[in-house]
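*Asks:* Just dropping this structure here.
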There are 2 protein chains.
Amino acid sequence: MARPFKIILGIDPGSQFTGFGAVKSDGDQVELLSYGVIAPPSNLPFNERIAIIAEEMEALLEKLRPDVTVVEKIFLGKNADSAFKLGHARGAVIAAAVRAESEVVEYATRIVKKGITGNGNATKEQVQLVLFAAMNLKAKAQADASDALALAFYHARNLEVRAKGMEL
Amino acid sequence: MARPFKIILGIDPGSQFTGFGAVKSDGDQVELLSYGVIAPPSNLPFNERIAIIAEEMEALLEKLRPDVTVVEKIFLGKNADSAFKLGHARGAVIAAAVRAESEVVEYATRIVKKGITGNGNATKEQVQLVLFAAMNLKAKAQADASDALALAFYHARNLEVRAKGMEL
């Protein structure tokens, strides 16, 4: 990409709520572009909700043209049913990102929390405070949107540090 | 749909092999259209394989324009990891089918086996024998393709019986 900045889209997939948050970084400043939640009507059948997630994801990719899509890396518990459902949402999102030629990277929540707040066990509120202060935001974000934004922000900061050749 | 026949696409999703089998039925005869396997190169990363499944599925839907897409209904075991992976493939396939305005129906393997051979515990070979005899086929099919074809064939027969008002 010849752009002098990177657009990074964070995604926190889920069959009920898929959070997204996008930032732009020139390797120095990280600027917020947008954030929100894809929330297919809860009265729709599961399969239709997955189709809506795919559709909205494609629309986001088309609009934002992210260089990188950052997806939450999951450590699976013992519940095969929830892993199966989450897999459907994640499959729809990842297929769209790869096909839109956005690089896909994955980070575990713990790494993102540690990178942003210094503490891998930070609460969602603590992460949100740092995030909003860093990007000079005042509004409140829904939890899924804020988790997604944290993924994008973490990746942007990570890039920045690497670009400057500092130790991580 | 105003067509005097239905096109039915069976899909057996998997992140390594996604079988497909399509039939055409006028409510009396069931005719084979095509079958095969979507097999993304095994050396590709998982996310890219899922994107290829989505892409090939869209191409199939575009070519065949099925009225109905029949997907295997899964009874989840205890393995969250395999449920998660299968979920990704299934999510990509189902999102494409719903978006192509194909009705999505799901049947458990046991029901399909029982409907085709009379025995819910029939082997893959027994199912394949009936299937191939009924559609006058001689070639061998890869297991995933044959499972997918069984789903489509069962649905077509089921439709037929319902159309004639017989008891199932």
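Each chain in the structure tokens gets a letter, A, B and so on, in the order shown; residues start at 1 in every chain, and ligands are counted from 1 in the order they appear.
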Apply DSSP to the backbone of this structure and, from chain B, keep only the residues in strand (DSSP E); write these as a PyMOL selection string.

*Replies:* chain B and resi 6-12+18-25+30-38+68-73+103-108

*Asks:* Could you pull the residues within 12 Å of Leu60 (chain A), counting only C-alpha atoms, minus those fewer than 3 positions along the same chain, as a PyMOL selection string?

*Replies:* chain A and resi 8-11+19-22+33-38+53-57+63-66+69+93+96-97+100+102

*Asks:* Give the residues of chain A that lie within 6 Å of chain B; count only C-alpha atoms, and format the answer as a list in words.

*Replies:*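 Contact residues on the first chain: Ile50, Ala51, Lys78, Asn79, Ala80, Ala83, Phe84, Gly87, His88, Gly91, Ala92 and Ala95 of chain A.
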
*Asks:* So which one's closest to Glu125 (chain B), B:Glu58, B:Glu106, B:Asp67, B:Asp147? Using only C-alpha atoms, please.

*Replies:*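 Among the listed residues, the smallest separation from Glu125 (chain B) belongs to B:Asp147.
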
*Asks:* Near Val127 (chain B), within 8 Å and counting only C-alpha atoms, which residues show up once chain neighbours fewer than 5 positions away are dropped, as a PDB file with N, CA and C atoms, in the first residue's frame?

*Replies:*
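The file below, part_35.pdb, is the result:
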ATOM      1  N   LYS B 113     -29.904 -40.719   6.161  1.00  0.00           N
ATOM      2  CA  LYS B 113     -29.588 -42.143   5.944  1.00  0.00           C
ATOM      3  C   LYS B 113     -30.844 -42.995   6.020  1.00  0.00           C
ATOM      4  N   ILE B 116     -33.061 -42.437   2.964  1.00  0.00           N
ATOM      5  CA  ILE B 116     -32.538 -42.963   1.701  1.00  0.00           C
ATOM      6  C   ILE B 116     -32.444 -44.488   1.696  1.00  0.00           C
ATOM      7  N   THR B 117     -31.966 -45.060   2.809  1.00  0.00           N
ATOM      8  CA  THR B 117     -31.739 -46.521   2.803  1.00  0.00           C
ATOM      9  C   THR B 117     -32.726 -47.271   3.698  1.00  0.00           C
ATOM     10  N   ALA B 122     -26.975 -46.706   8.373  1.00  0.00           N
ATOM     11  CA  ALA B 122     -26.367 -47.214   7.133  1.00  0.00           C
ATOM     12  C   ALA B 122     -24.944 -46.677   6.968  1.00  0.00           C
ATOM     13  N   ALA B 150     -26.345 -36.751  -0.933  1.00  0.00           N
ATOM     14  CA  ALA B 150     -27.386 -37.441  -0.164  1.00  0.00           C
ATOM     15  C   ALA B 150     -28.359 -36.428   0.462  1.00  0.00           C
TER      16      ALA B 150
END

*Asks:* Find the distance between CA of Ala148 (chain A) and CA of Ala134 (chain A) and write it in Å to one decimal.

*Replies:*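 So the two atoms, CA of Ala148 (chain A) and CA of Ala134 (chain A), lie 15.4 Å apart.
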